[in-house]
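Quick look at my_file02.cif (mmCIF, C-alpha atoms and all ligand atoms):
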data_input
#
loop_
_atom_site.group_PDB
_atom_site.id
_atom_site.type_symbol
_atom_site.label_atom_id
_atom_site.label_comp_id
_atom_site.auth_asym_id
_atom_site.auth_seq_id
_atom_site.Cartn_x
_atom_site.Cartn_y
_atom_site.Cartn_z
ATOM 1 C CA MET A 177 120.617 -11.381 54.584
ATOM 2 C CA ASN A 178 122.960 -13.987 53.225
ATOM 3 C CA LEU A 179 126.067 -12.021 52.405
ATOM 4 C CA ASN A 180 129.566 -13.453 52.509
ATOM 5 C CA VAL A 181 131.730 -10.908 54.259
ATOM 6 C CA ASP A 182 134.599 -13.220 55.217
ATOM 7 C CA ALA A 183 137.229 -11.926 52.771
ATOM 8 C CA PRO A 184 136.624 -8.159 53.246
ATOM 9 C CA ARG A 185 136.366 -8.743 56.990
ATOM 10 C CA ARG A 186 139.811 -10.378 56.934
ATOM 11 C CA ALA A 187 141.234 -7.456 54.939
ATOM 12 C CA ILE A 188 139.931 -5.049 57.595
ATOM 13 C CA ALA A 189 141.234 -7.225 60.413
ATOM 14 C CA GLU A 190 144.727 -7.169 58.872
ATOM 15 C CA ALA A 191 144.721 -3.464 57.961
ATOM 16 C CA ARG A 192 146.848 -0.900 59.773
ATOM 17 C CA SER A 193 144.992 1.973 58.181
ATOM 18 C CA VAL A 194 141.380 2.089 57.026
ATOM 19 C CA VAL A 195 139.723 4.948 55.155
ATOM 20 C CA VAL A 196 135.960 5.128 54.726
ATOM 21 C CA LEU A 197 134.111 7.467 52.380
ATOM 22 C CA THR A 198 130.433 7.907 53.199
ATOM 23 C CA GLY A 199 127.560 9.429 51.252
ATOM 24 C CA ALA A 200 123.896 10.163 51.741
ATOM 25 C CA GLY A 201 122.967 6.450 51.666
ATOM 26 C CA VAL A 202 124.551 6.047 55.118
ATOM 27 C CA SER A 203 122.028 8.483 56.596
ATOM 28 C CA ALA A 204 119.051 7.172 54.592
ATOM 29 C CA GLU A 205 118.090 4.770 57.373
ATOM 30 C CA SER A 206 118.012 7.748 59.754
ATOM 31 C CA GLY A 207 115.256 9.225 57.576
ATOM 32 C CA ILE A 208 117.394 11.782 55.731
ATOM 33 C CA PRO A 209 116.628 11.769 51.998
ATOM 34 C CA THR A 210 119.435 10.980 49.527
ATOM 35 C CA PHE A 211 120.141 13.138 46.462
ATOM 36 C CA ARG A 212 120.000 10.430 43.769
ATOM 37 C CA GLY A 213 118.378 7.013 43.440
ATOM 38 C CA GLY A 214 114.827 6.245 44.627
ATOM 39 C CA MET A 215 111.658 8.281 44.131
ATOM 40 C CA GLU A 216 112.166 10.252 47.322
ATOM 41 C CA ALA A 217 115.645 11.491 46.275
ATOM 42 C CA LEU A 218 116.098 15.257 46.654
ATOM 43 C CA TRP A 219 117.414 15.995 43.160
ATOM 44 C CA LYS A 220 114.236 14.399 41.715
ATOM 45 C CA SER A 221 112.016 17.131 43.178
ATOM 46 C CA PHE A 222 114.502 19.978 43.490
ATOM 47 C CA ASP A 223 116.909 21.527 41.006
ATOM 48 C CA PRO A 224 120.417 21.834 42.480
ATOM 49 C CA LEU A 225 121.115 24.869 40.285
ATOM 50 C CA THR A 226 118.350 26.836 42.016
ATOM 51 C CA LEU A 227 119.306 25.699 45.540
ATOM 52 C CA ALA A 228 122.896 24.593 45.878
ATOM 53 C CA THR A 229 125.047 27.217 44.163
ATOM 54 C CA PRO A 230 126.378 30.620 45.289
ATOM 55 C CA GLU A 231 124.509 32.193 42.359
ATOM 56 C CA ALA A 232 121.201 30.715 43.551
ATOM 57 C CA PHE A 233 121.792 32.174 47.024
ATOM 58 C CA ALA A 234 122.647 35.602 45.580
ATOM 59 C CA ARG A 235 119.510 35.516 43.399
ATOM 60 C CA ASP A 236 117.014 34.101 45.893
ATOM 61 C CA PRO A 237 118.412 33.921 49.441
ATOM 62 C CA LYS A 238 114.943 33.387 50.917
ATOM 63 C CA THR A 239 114.196 30.170 49.003
ATOM 64 C CA VAL A 240 117.705 28.782 49.493
ATOM 65 C CA THR A 241 117.613 29.552 53.236
ATOM 66 C CA GLU A 242 114.161 27.977 53.599
ATOM 67 C CA TRP A 243 115.349 24.808 51.875
ATOM 68 C CA TYR A 244 118.510 24.493 53.961
ATOM 69 C CA ASP A 245 116.611 25.325 57.151
ATOM 70 C CA TRP A 246 114.118 22.532 56.334
ATOM 71 C CA ARG A 247 117.018 20.126 55.811
ATOM 72 C CA ARG A 248 118.760 21.400 58.966
ATOM 73 C CA GLN A 249 115.660 20.557 60.999
ATOM 74 C CA LYS A 250 115.472 17.071 59.433
ATOM 75 C CA CYS A 251 119.127 16.468 60.366
ATOM 76 C CA ARG A 252 118.564 17.739 63.907
ATOM 77 C CA GLU A 253 115.567 15.425 64.423
ATOM 78 C CA ALA A 254 117.391 12.398 62.972
ATOM 79 C CA VAL A 255 119.379 9.977 65.113
ATOM 80 C CA PRO A 256 122.453 7.963 64.093
ATOM 81 C CA ASN A 257 121.622 4.501 62.740
ATOM 82 C CA ALA A 258 123.396 1.145 62.887
ATOM 83 C CA ALA A 259 125.767 2.145 60.068
ATOM 84 C CA HIS A 260 126.998 5.268 61.898
ATOM 85 C CA LEU A 261 127.421 3.263 65.105
ATOM 86 C CA ALA A 262 129.313 0.459 63.343
ATOM 87 C CA LEU A 263 131.795 2.946 61.854
ATOM 88 C CA ALA A 264 132.396 4.522 65.254
ATOM 89 C CA ALA A 265 132.958 1.018 66.673
ATOM 90 C CA LEU A 266 135.424 0.196 63.884
ATOM 91 C CA GLU A 267 137.403 3.331 64.716
ATOM 92 C CA ARG A 268 137.678 2.171 68.336
ATOM 93 C CA VAL A 269 138.793 -1.309 67.240
ATOM 94 C CA LEU A 270 141.547 0.163 65.060
ATOM 95 C CA ALA A 271 142.627 2.593 67.779
ATOM 96 C CA ALA A 272 142.853 -0.278 70.280
ATOM 97 C CA ARG A 273 145.324 -2.125 68.073
ATOM 98 C CA GLY A 274 147.345 1.000 67.231
ATOM 99 C CA GLY A 275 145.872 1.370 63.754
ATOM 100 C CA ARG A 276 144.551 4.395 61.958
ATOM 101 C CA PHE A 277 140.998 5.207 60.880
ATOM 102 C CA THR A 278 139.861 8.135 58.753
ATOM 103 C CA LEU A 279 136.246 8.852 57.941
ATOM 104 C CA LEU A 280 135.754 11.029 54.880
ATOM 105 C CA THR A 281 132.156 12.104 54.639
ATOM 106 C CA GLN A 282 130.175 13.961 52.016
ATOM 107 C CA ASN A 283 127.314 14.223 54.496
ATOM 108 C CA VAL A 284 126.566 17.554 56.108
ATOM 109 C CA ASP A 285 124.265 16.175 58.818
ATOM 110 C CA ARG A 286 126.852 15.642 61.611
ATOM 111 C CA LEU A 287 125.409 12.175 62.384
ATOM 112 C CA HIS A 288 128.865 10.560 62.334
ATOM 113 C CA GLN A 289 130.053 12.891 65.076
ATOM 114 C CA ARG A 290 126.870 12.299 67.047
ATOM 115 C CA ALA A 291 127.562 8.544 66.791
ATOM 116 C CA ARG A 292 130.995 9.294 68.352
ATOM 117 C CA SER A 293 133.209 8.935 65.330
ATOM 118 C CA ARG A 294 136.275 11.065 66.077
ATOM 119 C CA ASN A 295 138.498 11.392 63.020
ATOM 120 C CA VAL A 296 135.887 12.782 60.633
ATOM 121 C CA VAL A 297 136.831 14.847 57.589
ATOM 122 C CA GLU A 298 133.865 16.866 56.316
ATOM 123 C CA LEU A 299 134.439 17.131 52.578
ATOM 124 C CA HIS A 300 131.258 19.102 51.870
ATOM 125 C CA GLY A 301 131.076 21.098 55.096
ATOM 126 C CA ASN A 302 128.095 20.874 57.426
ATOM 127 C CA ILE A 303 124.604 22.264 57.754
ATOM 128 C CA VAL A 304 124.827 22.948 61.490
ATOM 129 C CA GLU A 305 127.125 25.967 61.289
ATOM 130 C CA TRP A 306 126.174 29.087 59.345
ATOM 131 C CA ARG A 307 128.404 31.964 58.397
ATOM 132 C CA CYS A 308 128.156 35.441 56.947
ATOM 133 C CA ALA A 309 128.013 35.153 53.162
ATOM 134 C CA ALA A 310 129.928 38.438 52.835
ATOM 135 C CA THR A 311 132.654 38.148 55.476
ATOM 136 C CA GLY A 312 132.833 34.397 56.182
ATOM 137 C CA ARG A 313 132.512 34.991 59.941
ATOM 138 C CA GLY A 314 130.394 32.533 61.934
ATOM 139 C CA GLY A 315 127.031 33.565 63.310
ATOM 140 C CA GLU A 316 125.028 32.420 66.341
ATOM 141 C CA ILE A 317 121.903 30.599 65.213
ATOM 142 C CA PRO A 318 118.916 29.127 67.054
ATOM 143 C CA GLU A 319 118.520 25.332 67.170
ATOM 144 C CA GLY A 320 114.948 25.559 65.928
ATOM 145 C CA PRO A 321 113.753 27.028 62.630
ATOM 146 C CA PHE A 322 114.961 30.545 61.845
ATOM 147 C CA PRO A 323 112.381 33.178 62.796
ATOM 148 C CA GLU A 324 113.420 35.220 59.771
ATOM 149 C CA ARG A 325 114.546 33.910 56.376
ATOM 150 C CA PRO A 326 117.003 34.860 54.954
ATOM 151 C CA VAL A 327 118.919 35.320 58.201
ATOM 152 C CA PRO A 328 120.456 38.803 58.592
ATOM 153 C CA SER A 329 124.194 38.694 59.218
ATOM 154 C CA PRO A 330 125.353 40.313 62.455
ATOM 155 C CA HIS A 331 128.654 41.096 60.725
ATOM 156 C CA ARG A 332 127.610 43.226 57.782
ATOM 157 C CA ALA A 333 124.515 45.294 57.128
ATOM 158 C CA GLY A 334 122.490 43.943 54.233
ATOM 159 C CA ALA A 335 124.318 40.570 54.171
ATOM 160 C CA PHE A 336 122.859 37.190 55.165
ATOM 161 C CA LEU A 337 124.051 34.014 56.872
ATOM 162 C CA ARG A 338 124.525 30.957 54.665
ATOM 163 C CA PRO A 339 125.034 27.297 55.590
ATOM 164 C CA SER A 340 128.660 26.125 55.873
ATOM 165 C CA VAL A 341 128.144 23.560 53.137
ATOM 166 C CA VAL A 342 130.078 23.310 49.885
ATOM 167 C CA TRP A 343 127.918 24.340 46.966
ATOM 168 C CA PHE A 344 128.328 23.325 43.340
ATOM 169 C CA GLY A 345 130.990 25.542 41.802
ATOM 170 C CA GLU A 346 132.787 26.032 45.140
ATOM 171 C CA ALA A 347 136.096 24.494 46.166
ATOM 172 C CA LEU A 348 136.264 21.901 48.913
ATOM 173 C CA PRO A 349 137.934 23.124 52.112
ATOM 174 C CA GLU A 350 141.701 22.953 51.534
ATOM 175 C CA ALA A 351 142.471 21.181 54.828
ATOM 176 C CA ALA A 352 139.800 18.516 54.212
ATOM 177 C CA LEU A 353 141.055 17.904 50.702
ATOM 178 C CA SER A 354 144.676 17.417 51.699
ATOM 179 C CA ALA A 355 143.752 15.260 54.706
ATOM 180 C CA ALA A 356 141.648 13.053 52.416
ATOM 181 C CA PHE A 357 144.406 12.664 49.818
ATOM 182 C CA GLU A 358 147.025 11.867 52.402
ATOM 183 C CA ALA A 359 144.825 9.277 54.141
ATOM 184 C CA ALA A 360 143.759 7.673 50.843
ATOM 185 C CA GLN A 361 147.374 7.361 49.724
ATOM 186 C CA ALA A 362 148.444 5.673 52.951
ATOM 187 C CA CYS A 363 145.574 3.254 53.645
ATOM 188 C CA ASP A 364 145.444 -0.549 53.310
ATOM 189 C CA VAL A 365 141.650 -0.696 52.973
ATOM 190 C CA PHE A 366 139.320 1.880 51.421
ATOM 191 C CA MET A 367 135.547 1.542 51.795
ATOM 192 C CA SER A 368 132.996 3.523 49.785
ATOM 193 C CA ILE A 369 129.621 3.397 51.508
ATOM 194 C CA GLY A 370 126.214 4.725 50.488
ATOM 195 C CA THR A 371 127.498 7.057 47.817
ATOM 196 C CA SER A 372 126.562 7.150 44.141
ATOM 197 C CA ALA A 373 130.277 7.885 43.489
ATOM 198 C CA VAL A 374 129.592 10.470 40.803
ATOM 199 C CA VAL A 375 130.559 13.724 42.538
ATOM 200 C CA TYR A 376 134.263 14.649 42.318
ATOM 201 C CA PRO A 377 136.763 15.037 43.857
ATOM 202 C CA ALA A 378 135.253 12.778 46.578
ATOM 203 C CA ALA A 379 134.569 9.969 44.099
ATOM 204 C CA GLY A 380 138.240 9.943 43.054
ATOM 205 C CA PHE A 381 139.804 9.101 46.431
ATOM 206 C CA ILE A 382 139.184 5.388 45.964
ATOM 207 C CA ASP A 383 141.400 5.456 42.862
ATOM 208 C CA VAL A 384 144.178 7.162 44.814
ATOM 209 C CA ALA A 385 143.907 4.394 47.422
ATOM 210 C CA ALA A 386 143.782 1.559 44.867
ATOM 211 C CA ALA A 387 146.751 2.996 42.938
ATOM 212 C CA ASN A 388 148.724 2.770 46.181
ATOM 213 C CA GLY A 389 147.810 -0.862 46.755
ATOM 214 C CA ALA A 390 144.765 -0.597 49.030
ATOM 215 C CA LYS A 391 142.013 -3.207 48.941
ATOM 216 C CA THR A 392 138.665 -1.667 48.063
ATOM 217 C CA ILE A 393 135.175 -2.397 49.367
ATOM 218 C CA GLU A 394 131.839 -0.921 48.351
ATOM 219 C CA ILE A 395 128.618 -1.115 50.350
ATOM 220 C CA ASN A 396 125.559 0.157 48.506
ATOM 221 C CA ARG A 397 121.894 -0.701 48.131
ATOM 222 C CA ASP A 398 122.238 -0.297 44.335
ATOM 223 C CA PRO A 399 124.997 -0.764 41.754
ATOM 224 C CA THR A 400 127.225 2.283 41.076
ATOM 225 C CA PRO A 401 130.073 3.029 38.642
ATOM 226 C CA LEU A 402 132.389 1.513 41.282
ATOM 227 C CA SER A 403 130.650 -1.808 41.749
ATOM 228 C CA GLN A 404 132.563 -3.617 39.004
ATOM 229 C CA ARG A 405 135.916 -2.097 39.951
ATOM 230 C CA VAL A 406 136.181 -2.723 43.685
ATOM 231 C CA ASP A 407 137.691 -5.851 45.225
ATOM 232 C CA TRP A 408 134.443 -6.545 47.072
ATOM 233 C CA SER A 409 131.021 -5.105 46.260
ATOM 234 C CA LEU A 410 128.574 -5.771 49.095
ATOM 235 C CA MET A 411 125.055 -5.048 47.944
ATOM 236 C CA GLY A 412 122.624 -4.101 50.696
ATOM 237 C CA LYS A 413 121.652 -1.456 53.178
ATOM 238 C CA ALA A 414 124.548 0.114 55.049
ATOM 239 C CA GLY A 415 122.752 -0.315 58.374
ATOM 240 C CA GLU A 416 122.532 -4.061 57.795
ATOM 241 C CA VAL A 417 125.816 -4.828 56.019
ATOM 242 C CA LEU A 418 128.214 -2.693 58.094
ATOM 243 C CA PRO A 419 127.422 -4.182 61.516
ATOM 244 C CA LYS A 420 128.015 -7.638 60.019
ATOM 245 C CA LEU A 421 131.361 -6.586 58.616
ATOM 246 C CA VAL A 422 132.532 -4.691 61.669
ATOM 247 C CA GLU A 423 131.188 -6.981 64.394
ATOM 248 C CA GLN A 424 133.495 -9.661 63.167
ATOM 249 C CA SER A 425 136.538 -7.481 62.446
ATOM 250 C CA SER A 426 137.634 -7.063 66.071
HETATM 251 P P1 LIG B 501 123.580 10.231 46.407
HETATM 252 O O1 LIG B 501 122.178 10.569 46.755
HETATM 253 O O2 LIG B 501 124.103 10.648 45.085
HETATM 254 O O3 LIG B 501 123.790 8.671 46.511
HETATM 255 C C1 LIG B 501 123.314 7.914 47.574
HETATM 256 C C2 LIG B 501 123.671 6.466 47.311
HETATM 257 O O4 LIG B 501 123.278 5.709 48.442
HETATM 258 C C3 LIG B 501 122.964 5.861 46.108
HETATM 259 O O5 LIG B 501 123.931 5.107 45.357
HETATM 260 C C4 LIG B 501 121.916 4.930 46.733
HETATM 261 O O6 LIG B 501 121.677 3.799 45.922
HETATM 262 C C5 LIG B 501 122.592 4.543 48.019
HETATM 263 N N1 LIG B 501 121.704 4.166 49.142
HETATM 264 C C6 LIG B 501 120.461 4.610 49.447
HETATM 265 N N2 LIG B 501 120.022 4.096 50.589
HETATM 266 C C7 LIG B 501 121.013 3.280 51.044
HETATM 267 C C8 LIG B 501 121.177 2.456 52.202
HETATM 268 N N3 LIG B 501 120.236 2.355 53.143
HETATM 269 N N4 LIG B 501 122.340 1.778 52.332
HETATM 270 C C9 LIG B 501 123.317 1.853 51.393
HETATM 271 N N5 LIG B 501 123.228 2.613 50.289
HETATM 272 C C10 LIG B 501 122.093 3.320 50.118
HETATM 273 O O7 LIG B 501 124.472 10.803 47.628
HETATM 274 P P2 LIG B 501 126.019 11.135 47.631
HETATM 275 O O8 LIG B 501 126.797 10.140 46.869
HETATM 276 O O9 LIG B 501 126.358 11.394 49.038
HETATM 277 O O10 LIG B 501 126.693 17.401 47.296
HETATM 278 O O11 LIG B 501 126.032 12.510 46.839
HETATM 279 C C11 LIG B 501 127.241 13.184 46.700
HETATM 280 C C12 LIG B 501 126.990 14.666 46.725
HETATM 281 O O12 LIG B 501 126.033 15.015 45.718
HETATM 282 C C13 LIG B 501 126.355 15.172 48.010
HETATM 283 O O13 LIG B 501 127.303 15.430 49.015
HETATM 284 C C14 LIG B 501 125.675 16.431 47.565
HETATM 285 C C15 LIG B 501 125.051 15.910 46.293
HETATM 286 O O14 LIG B 501 124.701 16.831 45.343
HETATM 287 C C16 LIG B 501 126.409 18.699 47.396
HETATM 288 O O15 LIG B 501 125.326 19.125 47.760
HETATM 289 C C17 LIG B 501 127.561 19.570 47.030
#
Would you write out, as structure tokens, the structure that this file holds?
Amino acid sequence: MNLNVDAPRRAIAEARSVVVLTGAGVSAESGIPTFRGGMEALWKSFDPLTLATPEAFARDPKTVTEWYDWRRQKCREAVPNAAHLALAALERVLAARGGRFTLLTQNVDRLHQRARSRNVVELHGNIVEWRCAATGRGGEIPEGPFPERPVPSPHRAGAFLRPSVVWFGEALPEAALSAAFEAAQACDVFMSIGTSAVVYPAAGFIDVAAANGAKTIEINRDPTPLSQRVDWSLMGKAGEVLPKLVEQSS
């Protein structure tokens, strides 16, 4: 790969505060399918309206639970890739020089945490924890596939557990949203990595950062609506580009 990363690398090296927004493309090299782009993308074979809304769960909890349980198993079997590891390393580099690092992720797979990233803001929740759809209380779940689907809630008769992800039509968690806004407003460098940048409000944080003077970097395998607008668009796989960028930022 012949990619010139000198200028964005310098911007990172000089930054006191770096914010990174990640999307499904960051986990693609761990074998987790993305939602858009490429033949294997989830929203090519599945309709989000029948799987990723509260109405879909109310109508057909069995199908929705089976789909999320299948994805939960894929996430559990996956291991963090070079992109996850590079972001965790960048956080350590910033911490060592008294800087600040915030990782905003749209991914629900928990791979950033497993790669030892610490300051992770889960914008769309996670697929590891499940809660009662009626009361919101958490429920104990087995690591392996659920023996019964949908999963009966221990908290209310007749109710089921649902994944702690954010579905279409639902609000993002308040704390995550305000943490993301605050970090975006205060950062010197904002990176958007492996996201198609079409789902809001996540896709809007880069504008908040840029409006406050941050330099912007995109890493993506394909062009997105951001590619023409960022200071540096680095085209390539996250697992190949990020280590190059981060290795040399310390
Ligand atoms: P998408 O599937 O929309 O976009 C993934 C992006 O990653 C695309 O732009 C790909 O070109 C790019 N990509 C694929 N492989 C890559 C690689 N190895 N390296 C770098 N880039 C790569 O995923 P998100 O943007 O995360 O929400 O999607 C946002 C939200 O839409 C998701 O959180 C999910 C989805 O519907 C909900 O379910 C609520």
Would you name the residues within 7 Å of ligand LIG 501 (chain B), counting all atoms listed in the file, and put them as a PyMOL selection string? chain A and resi 198-202+204-205+210-213+217+228+282-283+300+342-344+369-375+395-400+412-415
Check what the PyMOL selection byres (((chain A and resi 244-249) around 8) and not hetatm) selects in the file above and give those residues as a PyMOL selection string. chain A and resi 240-243+250-253+285+303-304+320-322+339
CA of Thr226 (chain A) to CA of Val297 (chain A) measures 27.0 Å
As an exercise, work out the distance from CA of Val284 (chain A) to CA of Ser409 (chain A) in Å and give it to one decimal place.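 Pair CA of Val284 (chain A) / CA of Ser409 (chain A) returns 25.1 Å.
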Quick one: residues within 10 Å of Leu266 (chain A), only C-alpha atoms, excluding same-chain residues fewer than 2 positions away - as a list in words? Ile188, Val194, Leu261, Ala262, Leu263, Ala264, Arg268, Val269, Leu270, Ala271, Ala272, Phe277, Ser293, Leu418, Pro419, Leu421, Val422, Glu423, Ser425 and Ser426 of chain A
Which distance in Å separates CA of Phe366 (chain A) and CA of Ile393 (chain A), to one decimal?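 According to the coordinates, CA of Phe366 (chain A) and CA of Ile393 (chain A) are separated by 6.3 Å.
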Once 6 Å is added on each side, what centre and edge lengths in Å to one decimal does the axis-aligned box around all listed atoms of region 261-266 of chain A have, as JSON?
{"center_x": 131.4, "center_y": 2.4, "center_z": 64.3, "size_x": 20.0, "size_y": 16.3, "size_z": 16.8}
Apply the PyMOL selection byres (((chain A and resi 367) around 7) and not hetatm) to the displayed file and report the matching residues as JSON, numbers by chain. {"A": [195, 196, 197, 365, 366, 368, 369, 392, 393, 394]}
Next, write the just-selected residues to a file, as a JSON list (two decimals), keeping the file's coordinate frame, keeping C-alpha atoms as the atom set.
[["chain", "number", "residue", "atom", "x", "y", "z"],
["A", 195, "VAL", "CA", 139.72, 4.95, 55.16],
["A", 196, "VAL", "CA", 135.96, 5.13, 54.73],
["A", 197, "LEU", "CA", 134.11, 7.47, 52.38],
["A", 365, "VAL", "CA", 141.65, -0.70, 52.97],
["A", 366, "PHE", "CA", 139.32, 1.88, 51.42],
["A", 368, "SER", "CA", 133.00, 3.52, 49.78],
["A", 369, "ILE", "CA", 129.62, 3.40, 51.51],
["A", 392, "THR", "CA", 138.66, -1.67, 48.06],
["A", 393, "ILE", "CA", 135.18, -2.40, 49.37],
["A", 394, "GLU", "CA", 131.84, -0.92, 48.35]]
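When all atoms listed in the file are used to compute distances to Val296 (chain A), the closest of the residues A:Lys391, A:Lys238, A:Arg332, A:His260 turns out to be A:His260.
Summary of the local environment: counting only C-alpha atoms, residues at most 8 Å from Arg192 (chain A), other than itself and those fewer than 6 positions away along its chain, are Leu270, Gly274, Gly275, Arg276, Cys363 and Asp364 of chain A.
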